[in-house]
Amino acid sequence: MSDARFDLLAAARQEMLAEGFQPDFPPEVDQQLIVLKTRPSPAMDGQVRDLRSLAWSSIDNDSSRDLDQAEVAERVNGGIRVRIAIADVDSCVPIGSPIDVHAAEQTTTVYTGIKTFSMLPEELSTDLTSLNEAADRLTIVVEVTVAHDGSVSSADVYRAFIRNQGQLTYNEVGPWLEGTTAPPPKVSGSADLAAQLKLQDEAAQLLMDERNREGALDIDRIEAEPVIADGQVQGVNTRQRNRASELIENFMVAANGAMARTLGNAGVCSIRRVVKTPERWPRMVELAARYGDTLPAEPDSKALNAFLQRRKADDATHYADVSLAVIKLMGPGEYVVTRADDQDQGHFALALHDYTHSTAPNRRFADTVTQRLIKSVLAKQKSPYSDQELDSIARNCTLKEDAARKVERVMNKRIVAVALQRRVGETFAAVVTGVTPKGVFVRVLNPPAEGLLIRGQQGVDVGDKLQVKLVSTDPQRGYIDFVR
């Protein structure tokens, strides 16, 4: 077992540098922040609507301080009108300014568990451009009407001032929407907020049902969520989807689709988020056959989703392993430039033809770029970017997203290794997740951790359930070793 005093923060910084990130902001950024903090608040004008009186609320992770979006809904003829407000980061970060240059290089916020390396200075992402509770903020609002069959019957995009009246979290709202716990204090104290969230949930479920009918994949991942106090790992919790995270997910998909269609209808070149038709589809066919199921010879998202739903119904405990296998075979998403006359490559996993990233400008540069493009359309002005600039931005966003995923994966393994040091010698229920030339890998559920089976691996196969004992951890390499 390695030294329990392993410096996770130093390791995180080293991983950031190794993958091409700059974990510190240059001095020019501080100078720009001084100017931003002293400038007057933006004034109301004829181009910006005043929607501060609406019952906006936000739902995010427990630890989130960079709030990118807030939502409100109302019942109308033809369905439920949903408004999704997105933080107007561009209003504080002009193109070519020091903050913009740094964000364009980094392209994404990186979450290492021990520290969040923000794409934007925290004075912006958690304050000036964050949709914090009781604060007036400039936003881009995407308005959609969700029909009774889950289709989006109309959409509009415009600028507006809003005021978030309830900052909420997935962990407190989700169980309440599912009927398993009492409402959280903010909800129990406001009948209007409770009714608002119920209506939003109704709209989100309609959207999700329609997405499933179209073949959007129902992926269920179990993720490790470190418990950090005073810079030390106290443990690891399990983070799973719930009704509140599904609500936000479905609203964000609707907003991103509406934004992509608005840009397409305007005939402007834009950055799209695509997941191409899987090249490793034959392996997915083999995966289904391993479970006694079948998939067609040609890629079909509806058929794949139906297979996933059957697996979930048959064995919910190990459904996350099937989901993870499908994600790996699917391949990562990427950013591409779509011109007015291009055929959109679409997003296979979401079963969408038109999709962009626009709802997280505090943490993704591609979303900030999309925001600038939509603002130029609304103002009937020329695009702020050339086609060549957008091509370069899209490529860098894809590269940096892949790099961020590597940093986060390595750090997650190290944090779990540190958390499990005090549990060496304990026995866990496990499932075999991989049989490779490098060895047999198993996953334990509590806490969610994957490690190498270094003894007793003979004759086991993927999906087998075992009892394993933890024998060692190595935080430096992120290794966790079990024996049968």
# chains A, B, ... in the order shown; residues from 1 in each chain; ligands from 1

$ residues_around --residues "Arg311 in chain A" --least-positions-apart "3" --cutoff "12 Å" --atoms "only C-alpha atoms" --output "number ranges by chain"
A: 218-220, 287-294, 304-308, 314-323

$ select_by_dssp --residues "range 89-193 of chain A" --states "alpha helix (DSSP H)" --output "PDB file with C-alpha atoms, in the first residue's frame"
ATOM      1  CA  PRO A  98      -7.056  38.061 -22.536  1.00  0.00           C
ATOM      2  CA  ILE A  99      -9.784  35.957 -20.915  1.00  0.00           C
ATOM      3  CA  ASP A 100     -11.089  34.924 -24.336  1.00  0.00           C
ATOM      4  CA  VAL A 101      -7.613  34.002 -25.596  1.00  0.00           C
ATOM      5  CA  HIS A 102      -6.994  31.815 -22.522  1.00  0.00           C
ATOM      6  CA  ALA A 103     -10.445  30.172 -22.827  1.00  0.00           C
ATOM      7  CA  ALA A 104      -9.893  29.534 -26.555  1.00  0.00           C
ATOM      8  CA  GLU A 105      -6.648  27.692 -25.746  1.00  0.00           C
ATOM      9  CA  GLN A 106      -8.060  25.635 -22.847  1.00  0.00           C
ATOM     10  CA  GLU A 122     -13.858  31.987 -11.012  1.00  0.00           C
ATOM     11  CA  GLU A 123     -14.734  35.657 -10.496  1.00  0.00           C
ATOM     12  CA  TYR A 170     -30.099  17.017  -8.327  1.00  0.00           C
ATOM     13  CA  ASN A 171     -29.718  15.116  -5.059  1.00  0.00           C
ATOM     14  CA  GLU A 172     -32.449  17.084  -3.288  1.00  0.00           C
ATOM     15  CA  VAL A 173     -34.940  17.487  -6.155  1.00  0.00           C
ATOM     16  CA  GLY A 174     -34.573  14.081  -7.859  1.00  0.00           C
ATOM     17  CA  PRO A 175     -35.760  11.846  -4.991  1.00  0.00           C
ATOM     18  CA  TRP A 176     -38.670  14.236  -4.319  1.00  0.00           C
ATOM     19  CA  LEU A 177     -39.802  14.084  -7.969  1.00  0.00           C
ATOM     20  CA  PRO A 185     -36.765  23.127   2.176  1.00  0.00           C
ATOM     21  CA  LYS A 186     -36.899  25.640  -0.688  1.00  0.00           C
ATOM     22  CA  VAL A 187     -39.598  23.584  -2.404  1.00  0.00           C
ATOM     23  CA  SER A 188     -41.645  22.860   0.707  1.00  0.00           C
ATOM     24  CA  ALA A 191     -46.123  26.053  -3.433  1.00  0.00           C
ATOM     25  CA  ASP A 192     -45.378  27.991  -6.632  1.00  0.00           C
ATOM     26  CA  LEU A 193     -41.869  26.525  -6.942  1.00  0.00           C
TER      27      LEU A 193
END

$ residues_around --residues "Ile59 in chain A" --least-positions-apart "5" --cutoff "8 Å" --atoms "only C-alpha atoms" --output "JSON, numbers by chain"
{"A": [70, 167, 168, 169, 170, 173, 244, 245, 248]}

$ write_last_selection --atoms "C-alpha atoms" --output "CSV table (one decimal), in the first residue's frame"
chain,number,residue,atom,x,y,z
A,70,ALA,CA,-32.1,28.2,-15.4
A,167,GLN,CA,-30.8,27.4,-6.8
A,168,LEU,CA,-31.5,23.6,-6.3
A,169,THR,CA,-29.5,20.4,-6.7
A,170,TYR,CA,-30.1,17.0,-8.3
A,173,VAL,CA,-34.9,17.5,-6.2
A,244,ALA,CA,-33.9,15.8,-11.7
A,245,SER,CA,-30.8,15.1,-13.8
A,248,ILE,CA,-32.1,19.0,-17.1

$ select_by_dssp --residues "range 59-278 of chain A" --states "strand (DSSP E or B)" --output "PDB file with N, CA and C atoms, in the first residue's frame"
ATOM      1  N   ILE A  59     -31.119  23.735 -11.434  1.00  0.00           N
ATOM      2  CA  ILE A  59     -30.809  22.451 -10.776  1.00  0.00           C
ATOM      3  C   ILE A  59     -29.442  22.015 -11.284  1.00  0.00           C
ATOM      4  N   ASP A  60     -28.539  21.701 -10.372  1.00  0.00           N
ATOM      5  CA  ASP A  60     -27.189  21.307 -10.765  1.00  0.00           C
ATOM      6  C   ASP A  60     -26.620  20.379  -9.695  1.00  0.00           C
ATOM      7  N   GLN A  69     -27.358  27.595 -16.558  1.00  0.00           N
ATOM      8  CA  GLN A  69     -28.714  27.702 -17.060  1.00  0.00           C
ATOM      9  C   GLN A  69     -29.751  27.668 -15.939  1.00  0.00           C
ATOM     10  N   ALA A  70     -30.903  28.261 -16.250  1.00  0.00           N
ATOM     11  CA  ALA A  70     -32.066  28.225 -15.359  1.00  0.00           C
ATOM     12  C   ALA A  70     -33.288  27.992 -16.238  1.00  0.00           C
ATOM     13  N   GLU A  71     -34.360  27.506 -15.618  1.00  0.00           N
ATOM     14  CA  GLU A  71     -35.530  27.091 -16.396  1.00  0.00           C
ATOM     15  C   GLU A  71     -36.817  27.605 -15.769  1.00  0.00           C
ATOM     16  N   VAL A  72     -37.830  27.740 -16.621  1.00  0.00           N
ATOM     17  CA  VAL A  72     -39.182  28.049 -16.161  1.00  0.00           C
ATOM     18  C   VAL A  72     -40.148  27.500 -17.195  1.00  0.00           C
ATOM     19  N   ALA A  73     -41.357  27.102 -16.751  1.00  0.00           N
ATOM     20  CA  ALA A  73     -42.336  26.510 -17.668  1.00  0.00           C
ATOM     21  C   ALA A  73     -43.727  27.053 -17.377  1.00  0.00           C
ATOM     22  N   GLU A  74     -44.595  26.998 -18.377  1.00  0.00           N
ATOM     23  CA  GLU A  74     -45.998  27.363 -18.184  1.00  0.00           C
ATOM     24  C   GLU A  74     -46.851  26.539 -19.147  1.00  0.00           C
ATOM     25  N   ARG A  75     -48.054  26.211 -18.699  1.00  0.00           N
ATOM     26  CA  ARG A  75     -48.960  25.453 -19.552  1.00  0.00           C
ATOM     27  C   ARG A  75     -49.646  26.405 -20.518  1.00  0.00           C
ATOM     28  N   VAL A  76     -49.655  26.055 -21.800  1.00  0.00           N
ATOM     29  CA  VAL A  76     -50.264  26.882 -22.837  1.00  0.00           C
ATOM     30  C   VAL A  76     -51.097  25.993 -23.755  1.00  0.00           C
ATOM     31  N   GLY A  79     -49.671  22.627 -25.342  1.00  0.00           N
ATOM     32  CA  GLY A  79     -48.637  21.919 -24.590  1.00  0.00           C
ATOM     33  C   GLY A  79     -48.068  22.707 -23.428  1.00  0.00           C
ATOM     34  N   ILE A  80     -46.759  22.608 -23.246  1.00  0.00           N
ATOM     35  CA  ILE A  80     -46.056  23.281 -22.151  1.00  0.00           C
ATOM     36  C   ILE A  80     -44.935  24.121 -22.754  1.00  0.00           C
ATOM     37  N   ARG A  81     -44.964  25.415 -22.474  1.00  0.00           N
ATOM     38  CA  ARG A  81     -43.891  26.285 -22.936  1.00  0.00           C
ATOM     39  C   ARG A  81     -42.755  26.239 -21.924  1.00  0.00           C
ATOM     40  N   VAL A  82     -41.575  25.891 -22.402  1.00  0.00           N
ATOM     41  CA  VAL A  82     -40.381  25.809 -21.553  1.00  0.00           C
ATOM     42  C   VAL A  82     -39.393  26.869 -22.006  1.00  0.00           C
ATOM     43  N   ARG A  83     -38.921  27.652 -21.070  1.00  0.00           N
ATOM     44  CA  ARG A  83     -37.864  28.624 -21.354  1.00  0.00           C
ATOM     45  C   ARG A  83     -36.591  28.177 -20.642  1.00  0.00           C
ATOM     46  N   ILE A  84     -35.502  28.118 -21.395  1.00  0.00           N
ATOM     47  CA  ILE A  84     -34.197  27.753 -20.842  1.00  0.00           C
ATOM     48  C   ILE A  84     -33.282  28.958 -21.018  1.00  0.00           C
ATOM     49  N   ALA A  85     -32.863  29.554 -19.904  1.00  0.00           N
ATOM     50  CA  ALA A  85     -31.989  30.723 -19.952  1.00  0.00           C
ATOM     51  C   ALA A  85     -30.540  30.284 -19.802  1.00  0.00           C
ATOM     52  N   ILE A  86     -29.682  30.783 -20.678  1.00  0.00           N
ATOM     53  CA  ILE A  86     -28.269  30.407 -20.702  1.00  0.00           C
ATOM     54  C   ILE A  86     -27.429  31.645 -20.401  1.00  0.00           C
ATOM     55  N   ALA A  87     -26.498  31.524 -19.482  1.00  0.00           N
ATOM     56  CA  ALA A  87     -25.665  32.651 -19.065  1.00  0.00           C
ATOM     57  C   ALA A  87     -24.986  33.319 -20.258  1.00  0.00           C
ATOM     58  N   THR A 108     -12.088  24.102 -22.190  1.00  0.00           N
ATOM     59  CA  THR A 108     -12.996  23.394 -21.278  1.00  0.00           C
ATOM     60  C   THR A 108     -12.529  23.499 -19.837  1.00  0.00           C
ATOM     61  N   VAL A 110     -11.822  21.594 -16.434  1.00  0.00           N
ATOM     62  CA  VAL A 110     -11.403  20.221 -16.141  1.00  0.00           C
ATOM     63  C   VAL A 110     -11.675  19.927 -14.670  1.00  0.00           C
ATOM     64  N   TYR A 111     -12.421  18.851 -14.426  1.00  0.00           N
ATOM     65  CA  TYR A 111     -12.835  18.478 -13.070  1.00  0.00           C
ATOM     66  C   TYR A 111     -11.988  17.294 -12.596  1.00  0.00           C
ATOM     67  N   THR A 116     -11.042  21.928  -9.290  1.00  0.00           N
ATOM     68  CA  THR A 116     -11.624  22.264 -10.581  1.00  0.00           C
ATOM     69  C   THR A 116     -10.746  23.317 -11.249  1.00  0.00           C
ATOM     70  N   PHE A 117     -10.222  22.988 -12.428  1.00  0.00           N
ATOM     71  CA  PHE A 117      -9.425  23.933 -13.203  1.00  0.00           C
ATOM     72  C   PHE A 117     -10.351  24.604 -14.201  1.00  0.00           C
ATOM     73  N   GLU A 133     -28.506  32.575  -7.449  1.00  0.00           N
ATOM     74  CA  GLU A 133     -29.810  32.882  -6.866  1.00  0.00           C
ATOM     75  C   GLU A 133     -29.893  34.357  -6.463  1.00  0.00           C
ATOM     76  N   ASP A 136     -29.582  39.443 -10.761  1.00  0.00           N
ATOM     77  CA  ASP A 136     -30.046  39.782 -12.104  1.00  0.00           C
ATOM     78  C   ASP A 136     -28.927  39.471 -13.094  1.00  0.00           C
ATOM     79  N   ARG A 137     -29.277  38.726 -14.144  1.00  0.00           N
ATOM     80  CA  ARG A 137     -28.256  38.309 -15.104  1.00  0.00           C
ATOM     81  C   ARG A 137     -28.761  38.427 -16.537  1.00  0.00           C
ATOM     82  N   LEU A 138     -27.835  38.796 -17.437  1.00  0.00           N
ATOM     83  CA  LEU A 138     -28.107  38.751 -18.870  1.00  0.00           C
ATOM     84  C   LEU A 138     -28.026  37.309 -19.351  1.00  0.00           C
ATOM     85  N   THR A 139     -28.949  36.915 -20.217  1.00  0.00           N
ATOM     86  CA  THR A 139     -28.969  35.541 -20.709  1.00  0.00           C
ATOM     87  C   THR A 139     -29.411  35.491 -22.170  1.00  0.00           C
ATOM     88  N   ILE A 140     -29.165  34.335 -22.763  1.00  0.00           N
ATOM     89  CA  ILE A 140     -29.804  33.956 -24.024  1.00  0.00           C
ATOM     90  C   ILE A 140     -30.891  32.953 -23.663  1.00  0.00           C
ATOM     91  N   VAL A 141     -32.133  33.233 -24.043  1.00  0.00           N
ATOM     92  CA  VAL A 141     -33.243  32.345 -23.705  1.00  0.00           C
ATOM     93  C   VAL A 141     -33.650  31.533 -24.940  1.00  0.00           C
ATOM     94  N   VAL A 142     -33.727  30.233 -24.756  1.00  0.00           N
ATOM     95  CA  VAL A 142     -34.276  29.349 -25.781  1.00  0.00           C
ATOM     96  C   VAL A 142     -35.665  28.940 -25.315  1.00  0.00           C
ATOM     97  N   GLU A 143     -36.662  29.250 -26.113  1.00  0.00           N
ATOM     98  CA  GLU A 143     -38.059  28.974 -25.743  1.00  0.00           C
ATOM     99  C   GLU A 143     -38.617  27.904 -26.674  1.00  0.00           C
ATOM    100  N   VAL A 144     -39.101  26.819 -26.099  1.00  0.00           N
ATOM    101  CA  VAL A 144     -39.702  25.748 -26.901  1.00  0.00           C
ATOM    102  C   VAL A 144     -41.069  25.406 -26.327  1.00  0.00           C
ATOM    103  N   THR A 145     -41.967  24.983 -27.192  1.00  0.00           N
ATOM    104  CA  THR A 145     -43.260  24.491 -26.744  1.00  0.00           C
ATOM    105  C   THR A 145     -43.292  22.986 -26.952  1.00  0.00           C
ATOM    106  N   VAL A 146     -43.466  22.264 -25.855  1.00  0.00           N
ATOM    107  CA  VAL A 146     -43.479  20.802 -25.892  1.00  0.00           C
ATOM    108  C   VAL A 146     -44.920  20.338 -26.051  1.00  0.00           C
ATOM    109  N   VAL A 152     -41.397  19.019 -30.274  1.00  0.00           N
ATOM    110  CA  VAL A 152     -41.216  20.458 -30.081  1.00  0.00           C
ATOM    111  C   VAL A 152     -41.920  21.162 -31.232  1.00  0.00           C
ATOM    112  N   SER A 153     -43.054  21.809 -30.916  1.00  0.00           N
ATOM    113  CA  SER A 153     -43.894  22.354 -31.978  1.00  0.00           C
ATOM    114  C   SER A 153     -43.490  23.755 -32.396  1.00  0.00           C
ATOM    115  N   SER A 154     -42.741  24.467 -31.572  1.00  0.00           N
ATOM    116  CA  SER A 154     -42.256  25.792 -31.940  1.00  0.00           C
ATOM    117  C   SER A 154     -41.034  26.119 -31.108  1.00  0.00           C
ATOM    118  N   ALA A 155     -40.208  27.031 -31.609  1.00  0.00           N
ATOM    119  CA  ALA A 155     -38.994  27.413 -30.884  1.00  0.00           C
ATOM    120  C   ALA A 155     -38.652  28.858 -31.203  1.00  0.00           C
ATOM    121  N   ASP A 156     -38.042  29.522 -30.226  1.00  0.00           N
ATOM    122  CA  ASP A 156     -37.623  30.906 -30.398  1.00  0.00           C
ATOM    123  C   ASP A 156     -36.371  31.121 -29.554  1.00  0.00           C
ATOM    124  N   VAL A 157     -35.511  32.050 -29.984  1.00  0.00           N
ATOM    125  CA  VAL A 157     -34.296  32.375 -29.253  1.00  0.00           C
ATOM    126  C   VAL A 157     -34.199  33.899 -29.153  1.00  0.00           C
ATOM    127  N   TYR A 158     -33.914  34.404 -27.948  1.00  0.00           N
ATOM    128  CA  TYR A 158     -33.821  35.849 -27.761  1.00  0.00           C
ATOM    129  C   TYR A 158     -32.997  36.154 -26.507  1.00  0.00           C
ATOM    130  N   ARG A 159     -32.638  37.437 -26.326  1.00  0.00           N
ATOM    131  CA  ARG A 159     -31.875  37.862 -25.162  1.00  0.00           C
ATOM    132  C   ARG A 159     -32.830  38.349 -24.074  1.00  0.00           C
ATOM    133  N   ALA A 160     -32.449  38.116 -22.802  1.00  0.00           N
ATOM    134  CA  ALA A 160     -33.339  38.525 -21.706  1.00  0.00           C
ATOM    135  C   ALA A 160     -32.562  38.663 -20.405  1.00  0.00           C
ATOM    136  N   PHE A 161     -33.052  39.543 -19.535  1.00  0.00           N
ATOM    137  CA  PHE A 161     -32.628  39.587 -18.140  1.00  0.00           C
ATOM    138  C   PHE A 161     -33.485  38.597 -17.351  1.00  0.00           C
ATOM    139  N   ILE A 162     -32.851  37.836 -16.468  1.00  0.00           N
ATOM    140  CA  ILE A 162     -33.615  36.941 -15.595  1.00  0.00           C
ATOM    141  C   ILE A 162     -33.083  37.059 -14.168  1.00  0.00           C
ATOM    142  N   ARG A 163     -33.834  36.496 -13.237  1.00  0.00           N
ATOM    143  CA  ARG A 163     -33.392  36.395 -11.840  1.00  0.00           C
ATOM    144  C   ARG A 163     -33.721  34.996 -11.348  1.00  0.00           C
ATOM    145  N   ASN A 164     -32.691  34.216 -11.037  1.00  0.00           N
ATOM    146  CA  ASN A 164     -32.869  32.859 -10.519  1.00  0.00           C
ATOM    147  C   ASN A 164     -33.478  32.950  -9.114  1.00  0.00           C
ATOM    148  N   GLN A 167     -31.978  28.186  -6.384  1.00  0.00           N
ATOM    149  CA  GLN A 167     -30.835  27.365  -6.755  1.00  0.00           C
ATOM    150  C   GLN A 167     -30.963  26.016  -6.052  1.00  0.00           C
ATOM    151  N   LEU A 168     -31.162  24.959  -6.838  1.00  0.00           N
ATOM    152  CA  LEU A 168     -31.455  23.621  -6.315  1.00  0.00           C
ATOM    153  C   LEU A 168     -30.423  22.617  -6.823  1.00  0.00           C
ATOM    154  N   THR A 169     -30.452  21.405  -6.250  1.00  0.00           N
ATOM    155  CA  THR A 169     -29.506  20.366  -6.662  1.00  0.00           C
ATOM    156  C   THR A 169     -30.237  19.093  -7.062  1.00  0.00           C
ATOM    157  N   GLU A 223     -21.027   6.658 -11.648  1.00  0.00           N
ATOM    158  CA  GLU A 223     -19.787   7.416 -11.565  1.00  0.00           C
ATOM    159  C   GLU A 223     -19.379   7.629 -10.120  1.00  0.00           C
ATOM    160  N   ALA A 224     -18.071   7.652  -9.923  1.00  0.00           N
ATOM    161  CA  ALA A 224     -17.527   7.916  -8.589  1.00  0.00           C
ATOM    162  C   ALA A 224     -17.545   9.417  -8.328  1.00  0.00           C
ATOM    163  N   GLU A 225     -17.988   9.801  -7.135  1.00  0.00           N
ATOM    164  CA  GLU A 225     -18.019  11.210  -6.742  1.00  0.00           C
ATOM    165  C   GLU A 225     -17.207  11.358  -5.461  1.00  0.00           C
ATOM    166  N   PRO A 226     -15.998  11.920  -5.559  1.00  0.00           N
ATOM    167  CA  PRO A 226     -15.139  12.005  -4.370  1.00  0.00           C
ATOM    168  C   PRO A 226     -15.741  12.907  -3.293  1.00  0.00           C
ATOM    169  N   VAL A 227     -15.529  12.523  -2.054  1.00  0.00           N
ATOM    170  CA  VAL A 227     -15.884  13.368  -0.910  1.00  0.00           C
ATOM    171  C   VAL A 227     -14.586  13.975  -0.396  1.00  0.00           C
ATOM    172  N   ILE A 228     -14.412  15.292  -0.623  1.00  0.00           N
ATOM    173  CA  ILE A 228     -13.179  15.976  -0.265  1.00  0.00           C
ATOM    174  C   ILE A 228     -13.456  16.975   0.850  1.00  0.00           C
ATOM    175  N   ALA A 229     -12.639  16.971   1.887  1.00  0.00           N
ATOM    176  CA  ALA A 229     -12.742  17.960   2.966  1.00  0.00           C
ATOM    177  C   ALA A 229     -11.342  18.410   3.338  1.00  0.00           C
ATOM    178  N   GLN A 232      -8.461  16.761   1.616  1.00  0.00           N
ATOM    179  CA  GLN A 232      -8.215  15.344   1.865  1.00  0.00           C
ATOM    180  C   GLN A 232      -9.405  14.505   1.414  1.00  0.00           C
ATOM    181  N   VAL A 233      -9.110  13.322   0.884  1.00  0.00           N
ATOM    182  CA  VAL A 233     -10.172  12.417   0.437  1.00  0.00           C
ATOM    183  C   VAL A 233     -10.785  11.723   1.647  1.00  0.00           C
ATOM    184  N   GLN A 234     -12.070  11.959   1.845  1.00  0.00           N
ATOM    185  CA  GLN A 234     -12.784  11.330   2.959  1.00  0.00           C
ATOM    186  C   GLN A 234     -13.494  10.053   2.542  1.00  0.00           C
ATOM    187  N   GLY A 235     -13.758   9.921   1.259  1.00  0.00           N
ATOM    188  CA  GLY A 235     -14.463   8.748   0.760  1.00  0.00           C
ATOM    189  C   GLY A 235     -14.907   8.979  -0.667  1.00  0.00           C
ATOM    190  N   VAL A 236     -15.662   8.033  -1.190  1.00  0.00           N
ATOM    191  CA  VAL A 236     -16.178   8.128  -2.555  1.00  0.00           C
ATOM    192  C   VAL A 236     -17.647   7.712  -2.548  1.00  0.00           C
ATOM    193  N   ASN A 237     -18.496   8.579  -3.046  1.00  0.00           N
ATOM    194  CA  ASN A 237     -19.913   8.257  -3.184  1.00  0.00           C
ATOM    195  C   ASN A 237     -20.226   7.822  -4.610  1.00  0.00           C
ATOM    196  N   THR A 238     -21.429   7.279  -4.777  1.00  0.00           N
ATOM    197  CA  THR A 238     -21.886   6.866  -6.101  1.00  0.00           C
ATOM    198  C   THR A 238     -22.844   7.911  -6.651  1.00  0.00           C
ATOM    199  N   ARG A 239     -22.541   8.387  -7.871  1.00  0.00           N
ATOM    200  CA  ARG A 239     -23.426   9.355  -8.505  1.00  0.00           C
ATOM    201  C   ARG A 239     -24.147   8.680  -9.672  1.00  0.00           C
ATOM    202  N   SER A 270     -21.592  27.182 -38.549  1.00  0.00           N
ATOM    203  CA  SER A 270     -21.601  27.007 -37.101  1.00  0.00           C
ATOM    204  C   SER A 270     -20.873  25.730 -36.708  1.00  0.00           C
ATOM    205  N   ILE A 271     -20.609  25.609 -35.407  1.00  0.00           N
ATOM    206  CA  ILE A 271     -19.979  24.403 -34.864  1.00  0.00           C
ATOM    207  C   ILE A 271     -21.065  23.466 -34.376  1.00  0.00           C
ATOM    208  N   ARG A 272     -21.044  22.231 -34.831  1.00  0.00           N
ATOM    209  CA  ARG A 272     -21.999  21.224 -34.388  1.00  0.00           C
ATOM    210  C   ARG A 272     -21.289  20.176 -33.543  1.00  0.00           C
ATOM    211  N   ARG A 273     -22.072  19.553 -32.686  1.00  0.00           N
ATOM    212  CA  ARG A 273     -21.581  18.451 -31.873  1.00  0.00           C
ATOM    213  C   ARG A 273     -22.111  17.172 -32.511  1.00  0.00           C
ATOM    214  N   VAL A 274     -21.212  16.281 -32.954  1.00  0.00           N
ATOM    215  CA  VAL A 274     -21.653  15.081 -33.643  1.00  0.00           C
ATOM    216  C   VAL A 274     -21.089  13.831 -32.967  1.00  0.00           C
ATOM    217  N   VAL A 275     -21.869  12.774 -33.015  1.00  0.00           N
ATOM    218  CA  VAL A 275     -21.393  11.422 -32.726  1.00  0.00           C
ATOM    219  C   VAL A 275     -21.742  10.616 -33.966  1.00  0.00           C
TER     220      VAL A 275
END

$ residues_around --residues "Gly331 in chain A" --least-positions-apart "5" --cutoff "9 Å" --atoms "only C-alpha atoms" --output "compact mmCIF listing (two decimals) with C-alpha atoms, in the first residue's frame"
# COMPACT_ATOMS: atom_id res chain seq x y z
CA VAL A 275 -21.39 11.42 -32.73
CA LYS A 276 -20.94 9.61 -36.00
CA PRO A 278 -20.44 3.76 -34.96
CA GLU A 279 -17.68 2.16 -37.03
CA ARG A 280 -17.52 -0.64 -34.44
CA VAL A 326 -21.72 0.65 -25.61

$ closest_residue --among "A:Gln14, A:Thr181, A:Gln47, A:Asn256" --to "Ala360 in chain A" --atoms "only C-alpha atoms"
A:Asn256
